[in-house]
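Asks: For reference, the file coords.txt (compact mmCIF, C-alpha atoms) is included below:
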# COMPACT_ATOMS: atom_id res chain seq x y z
CA MET W 1 -226.69 51.63 54.48
CA SER W 2 -226.36 47.94 54.09
CA GLY W 3 -223.54 46.86 56.39
CA MET W 4 -222.46 44.25 53.88
CA PRO W 5 -219.40 42.39 55.13
CA VAL W 6 -216.64 44.00 53.15
CA THR W 7 -213.33 42.35 52.52
CA THR W 8 -210.52 44.83 52.88
CA VAL W 9 -208.55 44.65 49.69
CA LYS W 10 -205.08 46.14 49.71
CA GLN W 11 -203.99 48.44 46.92
CA SER W 12 -201.00 50.48 45.85
CA PRO W 13 -200.95 54.16 46.90
CA CYS W 14 -201.61 55.36 43.35
CA PRO W 15 -204.01 52.83 41.86
CA SER W 16 -204.49 52.48 38.14
CA ALA W 17 -207.97 52.41 36.63
CA ARG W 18 -207.70 48.68 36.08
CA SER W 19 -206.53 47.83 39.61
CA SER W 20 -209.31 50.00 41.07
CA PHE W 21 -211.88 48.26 38.90
CA THR W 22 -210.57 44.83 39.94
CA ARG W 23 -210.68 45.91 43.57
CA GLY W 24 -214.32 46.90 43.04
CA LEU W 25 -215.12 43.50 41.57
CA LYS W 26 -213.74 41.84 44.70
CA LEU W 27 -215.59 44.22 47.02
CA GLY W 28 -218.83 43.47 45.17
CA LEU W 29 -218.50 39.68 45.33
CA PRO W 30 -220.78 39.31 48.40
CA ILE W 31 -223.42 41.29 46.51
CA PHE W 32 -223.03 38.98 43.51
CA LEU W 33 -223.61 35.99 45.79
CA GLY W 34 -226.54 37.68 47.52
CA TYR W 35 -228.22 38.72 44.27
CA MET W 36 -228.01 35.32 42.57
CA PRO W 37 -230.75 33.56 44.58
CA VAL W 38 -233.03 36.60 44.62
CA GLY W 39 -232.48 37.09 40.87
CA MET W 40 -233.34 33.41 40.44
CA ALA W 41 -236.51 33.91 42.45
CA PHE W 42 -237.41 36.82 40.18
CA GLY W 43 -236.70 34.76 37.07
CA ILE W 44 -238.86 31.90 38.31
CA LEU W 45 -241.73 34.14 39.41
CA ALA W 46 -241.58 36.20 36.21
CA LYS W 47 -241.79 33.00 34.19
CA THR W 48 -244.75 31.66 36.15
CA GLN W 49 -246.55 35.00 35.79
CA GLY W 50 -246.44 35.26 32.02
CA PHE W 51 -242.99 36.66 31.11
CA ASP W 52 -240.84 34.71 28.68
CA ALA W 53 -237.18 34.11 29.61
CA LEU W 54 -235.88 36.94 27.41
CA GLN W 55 -238.30 39.44 28.94
CA ALA W 56 -237.31 38.42 32.46
CA VAL W 57 -233.59 38.81 31.69
CA VAL W 58 -233.98 42.13 29.83
CA CYS W 59 -236.12 43.47 32.69
CA SER W 60 -233.43 42.60 35.25
CA ALA W 61 -230.59 43.84 33.04
CA THR W 62 -232.14 47.24 32.36
CA ALA W 63 -234.12 48.05 35.52
CA ILE W 64 -231.96 46.40 38.26
CA ALA W 65 -234.87 47.37 40.47
CA GLY W 66 -234.95 44.53 43.00
CA ALA W 67 -238.09 44.94 45.07
CA GLY W 68 -239.48 47.22 42.37
CA GLN W 69 -239.40 44.35 39.89
CA PHE W 70 -241.23 42.00 42.26
CA ILE W 71 -243.84 44.66 42.93
CA GLY W 72 -244.11 45.27 39.19
CA LEU W 73 -244.77 41.55 38.66
CA SER W 74 -247.53 41.36 41.22
CA LEU W 75 -249.21 44.53 39.92
CA MET W 76 -249.01 43.30 36.32
CA HIS W 77 -250.50 40.00 37.43
CA ALA W 78 -253.36 41.94 39.04
CA GLY W 79 -253.99 43.65 35.67
CA GLU W 80 -252.70 47.08 36.64
CA SER W 81 -252.26 49.60 33.79
CA MET W 82 -248.83 50.16 32.26
CA VAL W 83 -248.48 53.62 33.79
CA GLY W 84 -249.59 52.30 37.18
CA VAL W 85 -246.95 49.56 37.18
CA ILE W 86 -244.12 51.86 36.09
CA LEU W 87 -245.15 54.49 38.61
CA ALA W 88 -245.33 52.01 41.50
CA THR W 89 -241.96 50.38 40.75
CA THR W 90 -240.33 53.79 40.44
CA VAL W 91 -241.89 55.24 43.58
CA VAL W 92 -240.69 52.24 45.58
CA ASN W 93 -237.19 53.01 44.32
CA LEU W 94 -237.38 56.74 45.07
CA ARG W 95 -234.84 56.14 47.81
CA TYR W 96 -232.31 55.96 44.97
CA VAL W 97 -232.73 59.73 44.84
CA LEU W 98 -231.02 59.82 48.24
CA PHE W 99 -228.31 57.40 47.14
CA GLY W 100 -227.66 59.35 43.96
CA ALA W 101 -227.56 62.60 45.89
CA THR W 102 -225.18 61.21 48.52
CA LEU W 103 -222.87 59.62 45.96
CA SER W 104 -222.85 62.76 43.84
CA SER W 105 -220.99 64.66 46.56
CA HIS W 106 -218.17 62.10 46.29
CA LEU W 107 -218.06 62.15 42.51
CA GLY W 108 -217.12 65.77 42.02
CA SER W 109 -214.09 64.93 39.90
CA THR W 110 -215.96 62.39 37.80
CA PRO W 111 -217.24 63.80 34.49
CA LEU W 112 -220.97 63.78 33.82
CA LEU W 113 -220.62 60.85 31.42
CA GLY W 114 -218.91 58.80 34.13
CA GLN W 115 -221.66 59.68 36.61
CA ALA W 116 -224.24 58.67 34.00
CA ALA W 117 -222.60 55.24 33.74
CA LEU W 118 -222.29 54.79 37.53
CA ALA W 119 -225.91 55.81 38.15
CA PHE W 120 -227.06 52.70 36.29
CA SER W 121 -225.93 50.30 39.02
CA VAL W 122 -227.08 52.20 42.14
CA THR W 123 -228.88 49.85 44.55
CA ASP W 124 -229.17 49.51 48.33
CA GLU W 125 -226.26 47.09 48.40
CA THR W 126 -223.86 48.81 45.99
CA PHE W 127 -224.57 52.08 47.78
CA GLY W 128 -223.76 50.46 51.13
CA VAL W 129 -220.48 48.97 49.93
CA ASN W 130 -219.37 52.11 48.07
CA ILE W 131 -220.13 54.47 50.93
CA ASP W 132 -218.32 52.15 53.33
CA ASP W 133 -215.35 52.01 50.95
CA HIS W 134 -215.43 55.78 50.63
CA ARG W 135 -215.30 56.18 54.40
CA ARG W 136 -211.94 54.40 54.26
CA GLY W 137 -210.82 56.85 51.61
CA LEU W 138 -210.44 54.20 48.94
CA ALA W 139 -213.47 54.51 46.66
CA ASN W 140 -213.19 56.10 43.23
CA ALA W 141 -215.26 55.98 40.05
CA TYR W 142 -213.46 52.84 38.81
CA SER W 143 -213.88 50.85 42.02
CA MET W 144 -217.58 51.82 42.06
CA ALA W 145 -217.87 50.66 38.47
CA GLY W 146 -216.37 47.31 39.52
CA VAL W 147 -218.84 46.95 42.39
CA GLY W 148 -221.68 47.83 40.00
CA ALA W 149 -220.54 45.42 37.30
CA ILE W 150 -220.27 42.34 39.53
CA SER W 151 -223.59 43.12 41.21
CA TRP W 152 -225.32 43.58 37.85
CA LEU W 153 -223.88 40.26 36.70
CA GLY W 154 -225.23 38.41 39.75
CA TRP W 155 -228.70 39.88 39.33
CA VAL W 156 -228.87 39.15 35.58
CA LEU W 157 -227.27 35.71 35.80
CA GLY W 158 -229.59 34.70 38.62
CA THR W 159 -232.60 35.88 36.62
CA ALA W 160 -231.45 33.95 33.55
CA LEU W 161 -230.99 30.78 35.60
CA GLY W 162 -234.38 31.15 37.26
CA ALA W 163 -236.16 31.98 34.02
CA THR W 164 -234.69 29.11 32.04
CA ALA W 165 -234.90 26.51 34.80
CA ALA W 166 -238.47 27.45 35.78
CA GLY W 167 -239.86 24.91 33.32
CA PHE W 168 -237.95 22.07 34.97
CA ILE W 169 -238.37 23.27 38.53
CA GLY W 170 -242.16 23.67 38.42
CA ASP W 171 -243.87 25.33 41.37
CA PRO W 172 -241.14 27.45 43.00
CA TYR W 173 -243.04 27.64 46.26
CA ARG W 174 -242.22 24.00 46.85
CA PHE W 175 -238.62 25.09 47.40
CA GLY W 176 -239.37 28.01 49.65
CA VAL W 177 -238.13 30.70 47.24
CA ALA W 178 -241.16 32.72 48.33
CA PHE W 179 -239.02 33.56 51.35
CA ALA W 180 -235.92 34.65 49.39
CA MET W 181 -237.04 38.27 49.19
CA PRO W 182 -238.40 38.52 52.76
CA ALA W 183 -235.10 37.01 53.95
CA MET W 184 -233.09 39.59 51.98
CA PHE W 185 -235.27 42.43 53.30
CA THR W 186 -234.90 41.13 56.85
CA ALA W 187 -231.11 41.09 56.45
CA LEU W 188 -231.09 44.59 54.94
CA LEU W 189 -233.27 45.85 57.77
CA VAL W 190 -230.90 44.43 60.39
CA ALA W 191 -227.97 45.93 58.44
CA GLN W 192 -229.58 49.37 58.43
CA ALA W 193 -230.63 49.34 62.08
CA GLU W 194 -227.06 50.22 62.95
CA ASP W 195 -227.60 52.51 65.96
CA ARG W 196 -230.30 53.43 68.48
CA ARG W 197 -232.03 56.07 66.40
CA HIS W 198 -232.19 53.80 63.36
CA ILE W 199 -233.60 50.96 65.48
CA ILE W 200 -236.27 53.31 66.83
CA MET W 201 -237.08 54.52 63.32
CA ALA W 202 -237.34 50.92 62.12
CA ILE W 203 -239.89 50.20 64.87
CA VAL W 204 -241.85 53.39 64.13
CA ALA W 205 -241.88 52.48 60.42
CA GLY W 206 -242.93 48.89 61.18
CA VAL W 207 -245.97 50.02 63.17
CA LEU W 208 -246.88 52.64 60.56
CA ALA W 209 -246.51 50.04 57.80
CA ILE W 210 -249.17 47.83 59.41
CA ALA W 211 -251.54 50.78 59.72
CA PHE W 212 -250.96 51.98 56.16
CA ALA W 213 -251.18 48.44 54.77
CA LEU W 214 -254.65 48.17 56.36
CA LEU W 215 -255.72 51.58 55.00
CA LEU W 216 -254.16 51.86 51.56
CA PRO W 217 -254.54 49.65 48.47
CA GLY W 218 -251.70 47.57 47.02
CA LYS W 219 -248.12 48.51 47.85
CA TRP W 220 -248.69 52.18 48.57
CA TYR W 221 -248.09 51.58 52.29
CA ILE W 222 -244.35 51.43 51.52
CA VAL W 223 -244.09 54.98 50.24
CA ALA W 224 -246.60 56.33 52.78
CA THR W 225 -244.61 54.71 55.60
CA ALA W 226 -241.19 55.86 54.37
CA ILE W 227 -242.28 59.48 53.93
CA THR W 228 -244.19 59.68 57.24
CA ALA W 229 -241.61 57.85 59.35
CA SER W 230 -238.65 59.73 57.85
CA ALA W 231 -240.42 63.04 58.47
CA ILE W 232 -240.97 62.00 62.10
CA GLY W 233 -237.29 61.09 62.32
CA ALA W 234 -236.20 64.40 60.82
CA VAL W 235 -238.31 66.28 63.39
CA ILE W 236 -237.27 64.19 66.44
CA TYR W 237 -233.56 63.99 65.69
CA ARG W 238 -232.66 67.62 65.04
CA MET I 1 -250.12 38.62 29.73
CA LYS I 2 -249.81 40.27 26.33
CA SER I 3 -246.25 40.45 25.01
CA GLU I 4 -246.57 44.12 23.95
CA TYR I 5 -247.78 45.02 27.44
CA VAL I 6 -244.83 43.26 29.07
CA TRP I 7 -242.29 44.90 26.75
CA ALA I 8 -243.84 48.34 27.21
CA VAL I 9 -243.62 47.96 31.01
CA ILE I 10 -240.01 46.72 30.79
CA ILE I 11 -238.95 49.73 28.69
CA GLY I 12 -240.85 52.14 30.93
CA MET I 13 -239.35 50.61 34.08
CA ALA I 14 -235.84 50.87 32.64
CA ILE I 15 -236.23 54.55 31.74
CA ALA I 16 -237.99 55.53 34.98
CA ASN I 17 -235.56 53.68 37.25
CA TYR I 18 -232.58 55.15 35.45
CA ALA I 19 -233.99 58.66 35.70
CA VAL I 20 -234.51 58.22 39.45
CA ARG I 21 -230.87 57.16 39.84
CA PHE I 22 -229.17 59.61 37.55
CA MET I 23 -231.13 62.87 37.82
CA PRO I 24 -230.37 63.55 41.51
CA MET I 25 -226.73 62.58 40.96
CA ALA I 26 -226.42 64.98 38.03
CA LEU I 27 -228.42 67.85 39.54
CA LEU I 28 -227.69 67.69 43.27
CA SER I 29 -223.93 67.48 42.94
CA ARG I 30 -224.17 71.19 42.11
CA ILE I 31 -226.55 72.21 44.93
CA GLU I 32 -226.17 72.27 48.71
CA LEU I 33 -229.23 70.53 50.22
CA PRO I 34 -230.83 72.04 53.35
CA LYS I 35 -230.00 70.15 56.56
CA PRO I 36 -233.59 69.10 57.45
CA LEU I 37 -234.02 67.56 53.98
CA LEU I 38 -230.77 65.63 54.36
CA ARG I 39 -231.95 64.37 57.77
CA PHE I 40 -235.27 63.32 56.21
CA LEU I 41 -233.48 61.49 53.40
CA SER I 42 -231.10 59.76 55.81
CA PHE I 43 -234.03 57.82 57.31
CA ILE I 44 -235.46 56.69 53.97
CA PRO I 45 -233.38 53.46 53.68
CA VAL I 46 -234.22 52.09 57.13
CA THR I 47 -237.92 53.04 56.96
CA VAL I 48 -238.36 51.62 53.45
CA MET I 49 -236.71 48.35 54.52
CA SER I 50 -238.81 48.12 57.67
CA ALA I 51 -242.04 48.69 55.71
CA LEU I 52 -241.05 46.15 53.06
CA THR I 53 -240.11 43.54 55.67
CA VAL I 54 -243.30 44.01 57.70
CA GLY I 55 -245.47 43.91 54.58
CA GLU I 56 -243.79 40.87 53.05
CA ILE I 57 -243.89 38.93 56.31
CA LEU I 58 -247.32 39.77 57.74
CA ARG I 59 -249.11 40.03 54.40
CA PRO I 60 -247.35 37.80 51.85
CA ASP I 61 -248.98 37.92 48.40
CA GLY I 62 -251.31 40.64 49.68
CA ARG I 63 -253.11 38.35 52.15
CA TRP I 64 -252.90 38.88 55.91
CA LEU I 65 -251.92 35.73 57.79
CA ALA I 66 -252.80 34.97 61.41
CA PRO I 67 -249.58 35.43 63.43
CA LEU I 68 -249.54 31.96 64.99
CA SER I 69 -249.96 30.18 61.64
CA ASN I 70 -247.65 32.45 59.68
CA PRO I 71 -244.45 30.63 58.62
CA TYR I 72 -243.02 33.92 57.25
CA LEU I 73 -243.19 35.50 60.69
CA PHE I 74 -241.64 32.51 62.46
CA ALA I 75 -238.87 32.21 59.84
CA ALA I 76 -238.04 35.92 59.97
CA ILE I 77 -236.88 35.75 63.60
CA PRO I 78 -234.00 33.26 63.19
CA THR I 79 -233.26 34.83 59.79
CA ALA I 80 -232.67 38.22 61.41
CA PHE I 81 -230.44 36.55 63.98
CA VAL I 82 -228.39 34.79 61.29
CA TYR I 83 -227.68 38.08 59.53
CA TYR I 84 -226.94 39.86 62.80
CA LYS I 85 -224.44 37.16 63.76
CA TRP I 86 -222.74 36.38 60.44
CA ARG I 87 -223.40 39.46 58.25
CA SER I 88 -223.78 37.49 55.05
CA PHE I 89 -226.59 38.20 52.62
CA LEU I 90 -226.10 34.96 50.72
CA GLY I 91 -225.93 32.84 53.86
CA THR I 92 -228.90 34.65 55.34
CA THR I 93 -231.04 34.19 52.24
CA ILE I 94 -230.31 30.46 52.09
CA ALA I 95 -230.77 29.99 55.85
CA GLY I 96 -234.02 31.98 55.67
CA ILE I 97 -235.41 29.72 52.96
CA LEU I 98 -234.55 26.65 55.06
CA PHE I 99 -236.17 28.16 58.18
CA PHE I 100 -239.20 28.98 56.06
CA LEU I 101 -239.48 25.39 54.77
CA VAL I 102 -239.30 24.07 58.34
CA PHE I 103 -241.90 26.49 59.73
CA ARG I 104 -244.19 26.02 56.75
CA ALA I 105 -244.19 22.29 57.45
CA LEU I 106 -244.86 22.97 61.15
CA VAL I 107 -247.41 25.81 61.18
CA GLY I 108 -248.27 26.69 57.56
As a first step, turn the structure in this file into structure tokens.
Replies:
Amino acid sequence: MSGMPVTTVKQSPCPSARSSFTRGLKLGLPIFLGYMPVGMAFGILAKTQGFDALQAVVCSATAIAGAGQFIGLSLMHAGESMVGVILATTVVNLRYVLFGATLSSHLGSTPLLGQAALAFSVTDETFGVNIDDHRRGLANAYSMAGVGAISWLGWVLGTALGATAAGFIGDPYRFGVAFAMPAMFTALLVAQAEDRRHIIMAIVAGVLAIAFALLLPGKWYIVATAITASAIGAVIYR
Amino acid sequence: MKSEYVWAVIIGMAIANYAVRFMPMALLSRIELPKPLLRFLSFIPVTVMSALTVGEILRPDGRWLAPLSNPYLFAAIPTAFVYYKWRSFLGTTIAGILFFLVFRALVG
């Protein structure tokens, strides 16, 4: 759950597909703005680590994997095998299984083809906004498509800007973009620590993450931490 | 990096990430999940984010930094406060980068 500040957008009692979609675009605007700088950071880093601009943009446009893409970059840079990179980026995004599962229960009336289209844009942030919107009884497949579309655009546009401007900008670290992703993660963490049990779980996970990062190679501490800490949470909070 | 390698990874990432998003949506909308599993899944977002944040801040680029000379750690504290107070991802990202630049000049 992301806790993204959501503008309440008024709508008529029986919204048309188009007005729902437009409402979704407006709801997703903060995500667009949030994705732009991180997408730029990805574009710049991808460029400095051996991608060309087209590859960076296509990667963002088709994977929309956020942290997974950054992890993929660092593993590729370390010479990891193709299967290893794909596996790692996917495992990091296994939480999308939860998002997909949760959203599915609200998409009963949406045909399979519509679900297939919506699944494409599932991220932490779109999930947060859509679930929040759903709690108000407003979300439908079209509004979710609007949220997804504007978010996708921000991510891809940011990547394109970063990838094409990387040549002019030079060393991105000079501008502190190395902190763009940690800043976004910090904000998402604060957003998700919404009540006492989530704050406690965040602390448990933080301690476990240090231990696992010392024990395990590469980025595997993320998955190890999430599975262990969530299991602890599931046992404690019956 | 070889171009074929990069393209192969991009295609693989696209397929794998889509499968992870769509398969549960398509399959689980027809099944009732057991309560303990739902509880387990409900903690995945917060624990993943906590692990990512801790890793990225204490061990940027895979190298552990000493706490007192770690600009990531110092910058994360006001960054968290900015999000808590103003709830803006864009504002928080920009503010975080500025905090980072300041602390990198001071302690990095």
Asks: Which residues, protein or nucleic acid, reach to within 12 Å of (-249.9, 54.1, 49.3) in the file's coordinates when using all atoms listed in the file, and can you give that as a VMD selection string?
Replies: (chain W and resid 87 to 88 91 to 92 208 to 228) or (chain I and resid 51)
Asks: At most 12 Å from (-228.3, 33.6, 35.5), file frame, all atoms listed in the file: which residues, as a PyMOL selection string?
Replies: chain W and resi 32-33+35-44+53-54+56-58+60-61+152-166
Asks: Please return, as an MDAnalysis selection string, all residues of chain W lying within 6 Å of chain I when all atoms listed in the file are considered.
Replies: chainID W and resid 5 33:34 50 59 62:63 82 86 90 96:98 100:101 104:105 119 176 179:180 182:187 189 192 202 205:206 209 222 226 230:231 234
Asks: Residues within 12 Å of Tyr142 (chain W), please, as a list in words. Count all atoms listed in the file; anything in the same chain fewer than 2 positions from it doesn't count.
Replies: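 The filter keeps Pro15, Ser16, Ala17, Arg18, Ser19, Ser20, Phe21, Thr22, Arg23, Gly24, Leu25, Leu107, Thr110, Gly114, Gln115, Ala117, Leu118, Asn130, Leu138, Ala139, Asn140, Met144, Ala145, Gly146, Val147, Gly148 and Ala149 of chain W.
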Asks: So how many Å separate CA of Ile150 (chain W) and CA of Leu27 (chain W), to one decimal?
Replies: 9.0 Å
Asks: So how many Å separate CA of Val85 (chain W) and CA of Lys47 (chain W), to one decimal?
Replies: 17.6 Å
